[in-house]
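**Student:** Have a look at this one before I ask anything.
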Amino acid sequence: MAQTEIRPRHAELGLVDEDVLAMYRAMLLARAVDERMWLMQRAGKIAFIISGQGHEGAQVAITWPMRKGVDWMAPFYRSIASTMTFGMSAEDIITAHLAKADDVSSGGRQMPGHYGGAPYNIVSLSSPVGTQVLHAVGIAMGAWVRGDDVVAMTSFGEGTSNQGEIHEAMNFAGVHRLPVIFACENNGYAISVPLDRQVGGGSVAARAAGYGMPGVTVDGSDPIACYAAAKEAHERARRGDGPTLIEARVVRLTSHSSDDDQRRYRDPAEVEALKARDPIPAFATELRQIGVLDDVTDERLRAEVKAEVNAASARAEARPEPTTSDAHERVYANPIAGSGTPTPLEPVDGGSH
Amino acid sequence: MAQTEIRPRHAELGLVDEDVLAMYRAMLLARAVDERMWLMQRAGKIAFIISGQGHEGAQVAITWPMRKGVDWMAPFYRSIASTMTFGMSAEDIITAHLAKADDVSSGGRQMPGHYGGAPYNIVSLSSPVGTQVLHAVGIAMGAWVRGDDVVAMTSFGEGTSNQGEIHEAMNFAGVHRLPVIFACENNGYAISVPLDRQVGGGSVAARAAGYGMPGVTVDGSDPIACYAAAKEAHERARRGDGPTLIEARVVRLTSHSSDDDQRRYRDPAEVEALKARDPIPAFATELRQIGVLDDVTDERLRAEVKAEVNAASARAEARPEPTTSDAHERVYANPIAGSGTPTPLEPVDGGSH
Amino acid sequence: MAQLNILEAIRSAMDEEMERDERVMVLGEDVGRKGGVFGATEGLWAKYGDKRVLDTPLTEAMIAGAAMGAAVYGLRPIAEMQFADFVYPAFNQIVSEISRIHYRSNGTFSAPMVIRMPYGGGVHGALYHSQSNEAYFTSTVGLKIVAPGTPADAKGLLKSAIRDPDPVMFFEHKKTYRMFKAEVPEGDTVVPIGRAAVARAGHHLSIVCYGYMRTVVLEAAETLAREDGLEAEVIDLRTLRPLDLDTVMTSVAKTGKALVVHEANRFGGFGAEVAAEIAEEGFEHLDGPVTRLAGPEVPGVPYHHNLEDWFMISPARVVDAARKLAAY
Amino acid sequence: MAQLNILEAIRSAMDEEMERDERVMVLGEDVGRKGGVFGATEGLWAKYGDKRVLDTPLTEAMIAGAAMGAAVYGLRPIAEMQFADFVYPAFNQIVSEISRIHYRSNGTFSAPMVIRMPYGGGVHGALYHSQSNEAYFTSTVGLKIVAPGTPADAKGLLKSAIRDPDPVMFFEHKKTYRMFKAEVPEGDTVVPIGRAAVARAGHHLSIVCYGYMRTVVLEAAETLAREDGLEAEVIDLRTLRPLDLDTVMTSVAKTGKALVVHEANRFGGFGAEVAAEIAEEGFEHLDGPVTRLAGPEVPGVPYHHNLEDWFMISPARVVDAARKLAAY
Ligand SMILES: Cc1ncc(C[n+]2csc(CCOP(=O)(O)OP(=O)(O)O)c2C)c(N)n1
Ligand SMILES: Cc1ncc(C[n+]2csc(CCOP(=O)(O)OP(=O)(O)O)c2C)c(N)n1
Ligand SMILES: [Mg+2]
Ligand SMILES: [Mg+2]
């Protein structure tokens with residue numbers, strides 16, 4: 001399709017046109033799911049939503065080299081596009097948000113945004129930020145000890161990059177050249193606290209040098225640049241050359257979460273300016289420029305995505321709610337009788353109200 | 001005294017000959033106290049000793065710019081020379097090791113090596129490595145909030161530099177340009193684990209860039225180089241330009257502690273080679289070369305130091321032992337009656353044996 | 001007297017103490033311009049500026065450890081943990097350092113500081129925004145632990161905590177923040193640390209609780225009175241460490257029966273200490289077993305409302321447990 | 001039957017399990033070439049190599065968190081904390097992550113791993129090399145907690161722990177490491193998690209203990225028998241979570257009196273849970289108050305031997321407490 005003089009960037013990286021279109025579609029789908037979550041939240045169907053809007057370009061592209069069923073991922077709460085690129089379906093995501101009984105992430109036990117999926121090699125996420133980074137490193141350590149050809153990837157924000165556990169994780173990965181990719185999605189804010197109050201010196205990537213690993217900063221609104229960094233990182237990990245820290249500069253298009261209102265701490269002008277860095281129109285423009293995308297295709301993809309989200313929502317909503325009969329189960333893999341081991345709660349009659 | 005052609009390094013830094021001689025004497029005194037501790041340990045008077053031998057050059061020189069009664073220090077367990085340079089006496093150190101009732105560090109409550117002294121602005125040290133680094137940063141924060149002209153200094157090993165709290169401490173200091181000096185005494189081992197298994201990339205100083213502060217590596221067996229770095233760091237802190245990370249490459253001349261035997265994990269040749277980097281003969285040679293030290297002075301200083309340690313030991317040994325009458329006191333500054341607040345233990349008659 | 005909710009009471013305690021004593025400062029995540037994720041520090045940043053109301057990086061160990069350093073230096077920091085669930089990165093600083101510096105330095109250093117933490121469930125926060133993790137701290141010698149249940153107690157106890165020369169962990173049940181308003185004395189009124197309150201007088205059994213459970217238990221007590229003619233005496237501990245056992249035992253000596261209620265899981269919960277003390281001290285008085293009513297043995301409050309309701313202690317469950325005990 | 005001390009028993013359990021199952025690995029500070037600061041892993045590095053016996057950087061959060069990642073991935077890591085006192089940097093990983101991943105993933109992930117920790121005082125280790133901090137973990141749902149008191153139990157329970165699909169915290173009292181040798185069954189003998197042992201039969205009172213206290217209490221029991229004609233039944237809990245209340249209650253039903261002994265400070269200690277359970281379950285049987293004997297309320301074992309002796313529970317103190325209770 002491409003009619004440009006120079007070879008398009010993606011071709012240089014070994015991607016064919018179908019690949020970049022598929023990436024674009026993945027971004028559209030993640031955005032559509034995300035937007036649907038907000039609608040459902042406003043409709044009172046979901047108590048809480050934490051969004052990935054603005055991060056999709058980086059997430060799709062950095063996840064792209066990851067091999068499904070082989071590699072592993074320890075995501076964070078904005079990782080809608082990452083987890084979907086790595087195997088989760090729109091229905092999985094929506095089911096988790098609705099906290100249905102058979103939700104693959106947690107069976108309704110966790111809040112929205114706490115992704116996980118044993119079938120997908122996606123490690124179940126908790127809320128304290130940054131803990132997952134050590135899990136990815138532990139998986140990489142496991143693979144290294146066993147001699148398995150496995151790469152682990154983990155994502156986190158720039159505020160989170162200051163947590164001590166991240167330091168310990170990166171250092172350990174650096175010492176043993178473990179096959180792990182650290183993807184920091186730097187959106188400039190940790191809730192209300194801006195980058196210059198979070199990261200001394202302002203660069204997360206600059207920290208890589210202190211662990212003996214490469215640190216690269218990429219424009220997170222440029223999926224091809226992100227892919228290039230991730231491809232290299234993935235190859236490096238597989239070669240046994242160790243970890244890479246990728247800092248993707250992205251934008252947080254929404255408030256921190258549905259509980260936050262960013263107008264309290266961010267200029268209207270600043271918020272307005274974010275739109276110019278939305279990765280989806282940016283990528284669409286690029287794909288049009290290189291002749292990979294046109295109106296017809298774009299409309300077809302958007303229609304497909306919309307239909308997919310509609311169908312996924314309908315199916316997800318129809319799934320059963322959790323009941324309390326097994327609420328005490330699956331606390332231990334091997335429950336041993338004794339005090340402290342969960343048992344069913346006794347029913348109460350409990351007064352007339 | 002100096003008769004050399006070029007201006008001696010210390011003069012360039014504004015130190016007069018008496019200063020460098022005083023530094024040399026401080027190193028000798030710290031070494032003598034340290035050696036005395038080992039003797040007392042072997043004699044069964046002290047249960048445990050953790051040594052600063054090999055670190056004295058860096059410790060004396062990095063502490064030198066610190067203003068007594070104004071600045072603050074959060075040391076680590078090897079900081080015999082640092083704490084003595086900052087005000088503790090030989091008698092204070094020996095008394096602490098003997099765990100006497102009026103030991104300034106802890107009144108016999110803590111193990112040897114856990115320095116502290118309210119009269120000296122030296123924050124009481126615990127054992128979990130690295131915790132003290134945040135205290136120094138907190139003091140610097142306090143000074144910054146109040147507008148006080150105060151510098152905080154803290155010391156720790158290269159193994160400890162990997163602890164998450166160090167990352168959080170340095171980053172926070174970097175963000176707000178707090179007046180603090182981070183002195184990493186890199187002796188190449190954390191007990192038995194060598195540098196290349198501890199620090200990804202092998203350089204602690206390289207981490208400073210990731211916090212937006214200068215990181216300098218100095219030869220810890222070269223007191224003048226250490227002083228130069230510390231002087232600059234102290235001035236930077238006072239100017240409001242923020243923290244500095246100094247990595248001093250030192251040697252650990254002894255086993256990790258009296259509980260350790262480094263021959264289990266270190267080559268005899270490696271251990272032998274350490275002596276060449278002992279800062280005390282190295283500094284003596286330099287001082288002789290520049291004409292500041294001669295045999296007479298050296299002997300006088302050594303005799304003085306020996307007498308000082310003898311007198312200090314005698315006085316320390318004569319001090320009273322702690323008794324149990326107040327063992328439950330000074331747990332709370334403001335004890336409030338109630339369960340959980342310590343009370344005296346009831347005496348027991350308890351059986352015939 | 002002003003009518004305040006608990007959140008307002010907490011905010012006004014901080015404001016008044018910052019006004020009164022310039023050594024008092026607030027630090028934590030989002031406490032500055034945003035005013036905290038629950039709004040506890042709203043307005044303070046504008047009033048006291050960037051340094052005394054300090055937005056820190058997202059690092060709890062640093063918050064606790066730097067607060068301790070500043071306290072040792074002479075300030076009176078109030079450190080906010082955004083949620084009690086996120087205090088664990090600071091655990092080392094709290095239990096190794098903050099709680100121990102006074103003792104280990106033979107009383108020559110101290111850490112006069114407060115750690116404020118929103119805790120508790122019933123807010124759709126699931127496993128990591130609902131924890132009642134007081135038991136990790138109540139066993140720690142050197143700390144004082146406070147968990148108020150009313151606006152007046154929240155304000156008066158926070159003032160005491162800020163002025164206390166020892167480190168105080170201040171547990172704020174987030175479900176109670178805006179739950180109700182109540183009278184709070186105007187002006188500089190402190191509530192002493194270490195004193196329980198008789199929240200309701202009664203003589204059939206004693207129910208011991210704290211925090212949000214005070215509200216739940218009081219509701220249950222009304223039902224018991226109305227439906228069963230049982231007059232429960234409700235003790236709101238307010239301070240968990242040190243424990244005001246005198247007030248508890250005075251009640252138990254009268255009623256002969258004790259029910260201890262808390263939201264956290266039962267095994268190893270703070271109720272174990274209260275129950276064990278009552279059982280040992282009150283052996284002569286008890287005419288029924290010291291009974292605990294606590295959360296189920298699962299690792300956190302689950303999210304789905306069916307599951308969350310299952311987890312939380314309701315007035316109905318208190319009524320049920322009280323009836324069984326009273327029938328003894 | 002071999003005669004082993006506790007340290008040898010632990011080492012041989014690890015060795016045999018590593019031999020049996022190549023998924024088992026050891027990681028921690030100085031566990032490799034040095035063989036651990038107490039020698040627990042001596043010889044394993046030479047036998048199993050650099051990766052399966054992995055010297056980590058000095059970072060406890062990393063040790064616990066990476067072990068969990070590896071466990072999720074399919075390995076069976078044994079993580080060593082050099083001293084229990086230094087586990088706190090890993091507290092977040094243990095209580096937020098390791099204990100909860102099974103529940104939060106609805107049973108689809110688990111963390112089959114062991115955290116070994118030398119704990120306890122009486123070794124001149126002072127505040128930070130003497131802690132009995134089990135109570136921070138026993139209240140944590142999702143963990144299993146083991147604290148053996150004999151070589152056979154140490155070996156058999158460590159084998160069970162390594163094979164268990166859940167995370168197990170394994171408390172090794174460092175004073176007992178080389179204290180005595182005793183018979184340990186040869187070969188692949190496991191001791192099940194969750195079962196207490198009657199260490200000594202008796203009928204006058206029950207004394208409940210674990211770890212090093214088993215030795216102290218047994219010595220006291222001999223004195224009581226000899227000097228007072230009192231036959232104490234000694235229950236060694238061995239596993240703290242889950243608690244084998246059946247064995248405890250069988251004893252208490254017989255004796256009518258229970259003394260709970262541990263080394264950690266009393267307020268909020270694990271003994272509170274044991275005492276509260278006995279008080280509630282055993283109300284009908286008790287003819288004396290459930291009594292706790294525990295360490296004093298100071299923030300750690302002090303260093304000077306006068307002070308350390310003051311802190312530690314001695315047989316004499318057990319005798320004293322038992323006499324008072326028996327006289328009830
Ligand atoms: C340990 C911990 N502390 C605090 C929080 C509350 N919290 C959730 S997200 C967040 C900000 C994270 O910022 P960043 O890492 O930059 O990621 P972003 O949300 O911007 O993508 C905070 C403070 C938490 N979840 N965990
Ligand atoms: C948190 C913690 N973990 C483990 C230990 C045990 N320990 C004491 S010193 C030490 C090694 C420290 O090495 P380094 O930081 O390089 O300092 P050095 O002793 O070499 O001067 C270790 C592992 C400890 N004190 N604290
Ligand atoms: Mg961010
Ligand atoms: Mg070292």
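Labels for the structure tokens follow display order: chains A, B, ..., residues from 1 in each chain, ligands from 1.
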Residues within 7 Å of ligand 2, counting only C-alpha atoms and all ligand atoms: report them as a JSON list (two decimals) with N, CA and C atoms, in the first residue's frame.

**Tutor:**
[["chain", "number", "residue", "atom", "x", "y", "z"],
["B", 78, "ARG", "N", 29.80, 0.90, 61.02],
["B", 78, "ARG", "CA", 31.27, 1.01, 60.90],
["B", 78, "ARG", "C", 31.77, 2.41, 61.22],
["B", 127, "SER", "N", 19.73, -1.66, 63.76],
["B", 127, "SER", "CA", 20.47, -2.61, 62.93],
["B", 127, "SER", "C", 19.96, -2.80, 61.51],
["B", 128, "PRO", "N", 18.66, -2.77, 61.23],
["B", 128, "PRO", "CA", 18.26, -2.99, 59.83],
["B", 128, "PRO", "C", 18.96, -1.97, 58.95],
["B", 129, "VAL", "N", 19.74, -2.43, 58.02],
["B", 129, "VAL", "CA", 20.61, -1.51, 57.30],
["B", 129, "VAL", "C", 19.81, -0.50, 56.47],
["B", 156, "PHE", "N", 26.64, 4.64, 54.79],
["B", 156, "PHE", "CA", 26.11, 3.29, 54.60],
["B", 156, "PHE", "C", 27.00, 2.55, 53.62],
["B", 157, "GLY", "N", 26.86, 1.23, 53.60],
["B", 157, "GLY", "CA", 27.68, 0.42, 52.71],
["B", 157, "GLY", "C", 27.07, 0.26, 51.33],
["B", 158, "GLU", "N", 27.85, -0.32, 50.42],
["B", 158, "GLU", "CA", 27.37, -0.48, 49.05],
["B", 158, "GLU", "C", 26.30, -1.57, 48.95],
["B", 159, "GLY", "N", 26.37, -2.58, 49.83],
["B", 159, "GLY", "CA", 25.29, -3.57, 49.83],
["B", 159, "GLY", "C", 23.99, -2.90, 50.24],
["B", 160, "THR", "N", 24.07, -2.10, 51.25],
["B", 160, "THR", "CA", 22.92, -1.35, 51.76],
["B", 160, "THR", "C", 22.35, -0.40, 50.72],
["B", 161, "SER", "N", 23.20, 0.07, 49.83],
["B", 161, "SER", "CA", 22.72, 1.03, 48.82],
["B", 161, "SER", "C", 21.61, 0.44, 47.96],
["B", 185, "GLU", "N", 30.17, 4.05, 51.74],
["B", 185, "GLU", "CA", 31.51, 3.49, 51.93],
["B", 185, "GLU", "C", 31.53, 2.12, 51.28],
["B", 186, "ASN", "N", 32.01, 2.10, 50.06],
["B", 186, "ASN", "CA", 31.99, 0.87, 49.26],
["B", 186, "ASN", "C", 33.26, 0.07, 49.52],
["B", 187, "ASN", "N", 33.11, -0.99, 50.30],
["B", 187, "ASN", "CA", 34.26, -1.84, 50.62],
["B", 187, "ASN", "C", 34.23, -3.14, 49.83],
["B", 188, "GLY", "N", 33.36, -3.20, 48.84],
["B", 188, "GLY", "CA", 33.40, -4.34, 47.92],
["B", 188, "GLY", "C", 32.67, -5.58, 48.39],
["B", 189, "TYR", "N", 32.26, -5.62, 49.62],
["B", 189, "TYR", "CA", 31.55, -6.79, 50.14],
["B", 189, "TYR", "C", 30.39, -6.38, 51.05],
["B", 190, "ALA", "N", 29.33, -7.13, 50.96],
["B", 190, "ALA", "CA", 28.26, -7.08, 51.97],
["B", 190, "ALA", "C", 28.32, -8.45, 52.63],
["B", 191, "ILE", "N", 28.89, -8.49, 53.79],
["B", 191, "ILE", "CA", 29.32, -9.75, 54.42],
["B", 191, "ILE", "C", 30.09, -10.54, 53.37],
["B", 256, "HIS", "N", 33.77, -9.35, 58.31],
["B", 256, "HIS", "CA", 32.60, -8.48, 58.45],
["B", 256, "HIS", "C", 32.41, -8.06, 59.90],
["D", 29, "GLU", "N", 20.41, -13.64, 51.53],
["D", 29, "GLU", "CA", 21.69, -12.97, 51.71],
["D", 29, "GLU", "C", 22.71, -13.94, 52.31],
["D", 58, "LEU", "N", 21.38, -7.30, 49.11],
["D", 58, "LEU", "CA", 20.93, -7.06, 50.49],
["D", 58, "LEU", "C", 19.57, -6.35, 50.47],
["D", 59, "THR", "N", 18.53, -7.08, 50.07],
["D", 59, "THR", "CA", 17.24, -6.45, 49.79],
["D", 59, "THR", "C", 16.12, -7.44, 50.07],
["D", 60, "GLU", "N", 15.51, -7.30, 51.23],
["D", 60, "GLU", "CA", 14.52, -8.29, 51.65],
["D", 60, "GLU", "C", 13.23, -8.23, 50.85],
["D", 82, "GLN", "N", 17.74, -13.12, 56.79],
["D", 82, "GLN", "CA", 18.94, -13.41, 57.59],
["D", 82, "GLN", "C", 18.63, -13.43, 59.09],
["D", 83, "PHE", "N", 17.78, -12.51, 59.50],
["D", 83, "PHE", "CA", 17.22, -12.51, 60.85],
["D", 83, "PHE", "C", 15.74, -12.12, 60.71],
["D", 86, "PHE", "N", 14.81, -8.57, 60.30],
["D", 86, "PHE", "CA", 15.03, -7.83, 59.06],
["D", 86, "PHE", "C", 14.00, -8.16, 57.99],
["D", 89, "PRO", "N", 11.30, -4.91, 55.67],
["D", 89, "PRO", "CA", 11.29, -4.36, 54.31],
["D", 89, "PRO", "C", 10.46, -5.24, 53.36]]

**Student:** DSSP says strand (DSSP E or B) for which residues of region 117-329 of chain A? Put them as a PyMOL selection string?

**Tutor:** chain A and resi 117+122+152-157+180-186+189-190+193-194+215-219+244-249

**Student:** When you look at Gly28 (chain C) with a cut-off of 7 Å (counting only C-alpha atoms), what residues show up, excluding the ones that are within fewer than 6 positions of it in the same chain? I need them as a short mmCIF file (atom, residue, chain, number, x, y, z; two decimals) with N, CA, C and O atoms, in the first residue's frame.

**Tutor:**
data_model
loop_
_atom_site.label_atom_id
_atom_site.label_comp_id
_atom_site.auth_asym_id
_atom_site.auth_seq_id
_atom_site.Cartn_x
_atom_site.Cartn_y
_atom_site.Cartn_z
N LEU C 54 3.22 19.34 52.67
CA LEU C 54 4.18 18.91 51.67
C LEU C 54 3.69 17.68 50.90
O LEU C 54 3.48 16.61 51.48
N ASP C 55 3.53 17.86 49.60
CA ASP C 55 3.24 16.74 48.71
C ASP C 55 4.51 15.94 48.51
O ASP C 55 5.47 16.43 47.90
N THR C 56 4.52 14.72 48.95
CA THR C 56 5.73 13.91 48.81
C THR C 56 5.64 13.05 47.55
O THR C 56 4.56 12.85 47.01
N ILE C 63 8.00 8.70 53.61
CA ILE C 63 7.11 9.57 54.38
C ILE C 63 7.32 9.32 55.87
O ILE C 63 7.51 10.26 56.66
N ALA C 79 2.14 12.66 59.39
CA ALA C 79 2.33 11.95 58.11
C ALA C 79 1.02 11.28 57.74
O ALA C 79 0.41 10.62 58.57
N GLU C 80 0.58 11.49 56.52
CA GLU C 80 -0.64 10.80 56.07
C GLU C 80 -0.26 9.63 55.18
O GLU C 80 0.49 9.77 54.22
N MET C 81 -0.80 8.45 55.52
CA MET C 81 -0.78 7.33 54.59
C MET C 81 -2.10 7.42 53.83
O MET C 81 -3.16 7.54 54.42
#

**Student:** Identify all chain D residues at most 8 Å from chain B by counting only C-alpha atoms; ligands do not count. Present them as a compact mmCIF listing (two decimals) with C-alpha atoms, in the first residue's frame.

**Tutor:**
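Output below, filename selection-v4.txt:
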# COMPACT_ATOMS: atom_id res chain seq x y z
CA GLU D 29 21.69 -12.97 51.71
CA ASP D 30 24.93 -14.92 52.15
CA ARG D 33 29.31 -19.49 49.27
CA LYS D 34 29.20 -18.55 52.95
CA VAL D 37 25.26 -16.57 58.72
CA ASP D 55 23.14 -15.07 46.92
CA THR D 56 20.91 -12.06 46.51
CA PRO D 57 21.64 -8.39 47.01
CA LEU D 58 20.93 -7.06 50.49
CA THR D 59 17.24 -6.45 49.79
CA GLU D 60 14.52 -8.29 51.65
CA ASP D 85 14.22 -8.76 62.66
CA PHE D 86 15.03 -7.83 59.06
CA HIS D 124 23.08 -11.30 73.07
CA GLY D 125 21.56 -9.97 69.90
CA ALA D 126 19.72 -7.06 71.51
CA LEU D 127 16.76 -5.25 69.98
CA TYR D 128 17.43 -6.17 66.38
CA THR D 223 10.63 -28.81 88.55
CA LEU D 224 6.89 -28.60 89.17
CA GLU D 227 9.04 -29.91 93.90
CA ARG D 266 2.45 -9.91 75.94
CA PHE D 267 0.21 -7.14 74.61
CA PRO D 296 7.81 -7.48 79.09
CA GLU D 297 6.40 -4.49 77.26
CA VAL D 298 9.66 -3.08 75.98
CA PRO D 299 10.41 -2.65 72.30
CA PRO D 302 17.97 -5.28 75.53
CA TYR D 303 21.65 -6.09 75.14
CA HIS D 304 23.42 -6.02 78.48
CA ASN D 306 21.52 -8.11 83.14
CA LEU D 307 18.79 -6.68 80.97
CA TRP D 310 15.44 -9.76 82.84
CA PRO D 315 12.04 -21.94 83.74
CA ALA D 316 11.79 -20.23 87.12
CA ARG D 317 9.26 -17.76 85.80
CA VAL D 318 7.23 -20.55 84.26
CA VAL D 319 7.30 -22.43 87.54
CA ASP D 320 6.15 -19.34 89.34

**Student:** Please indicate the distance in Å from CA of Arg52 (chain D) to CA of Val145 (chain A), rounded to one decimal place.

**Tutor:**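 Atom-to-atom, CA of Arg52 (chain D) to CA of Val145 (chain A), that is 6.7 Å.
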
**Student:** Using only C-alpha atoms, determine which residues lie at most 12 Å from Ser160 (chain C), disregarding the query and same-chain residues fewer than 2 positions distant; provide the list as an NGL selection string.

**Tutor:** (:B and (334)) or (:C and (10 or 13-14 or 17 or 112-114 or 144-146 or 153-158 or 162-170 or 188-195 or 239))

**Student:** Could you list, as number ranges by chain, every residue within 7 Å of region 244-248 of chain D, counting only C-alpha atoms and ignoring same-chain residues fewer than 2 positions away?

**Tutor:** A: 338-339; D: 194-196, 235, 242, 250-252

**Student:** Could you tell me how far CA of Ala26 (chain A) lies from CA of Ala311 (chain A), in Å and to one decimal?

**Tutor:**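 Spanning CA of Ala26 (chain A) to CA of Ala311 (chain A) is a straight-line distance of 16.6 Å.
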
**Student:** With only C-alpha atoms considered, list every residue of chain C at most 7 Å from chain D, as a PyMOL selection string.

**Tutor:** chain C and resi 88-89+91-92+100+103+136+138-139+141-142+267-270+272-273+275-276+279-280+283+289-291+297-299
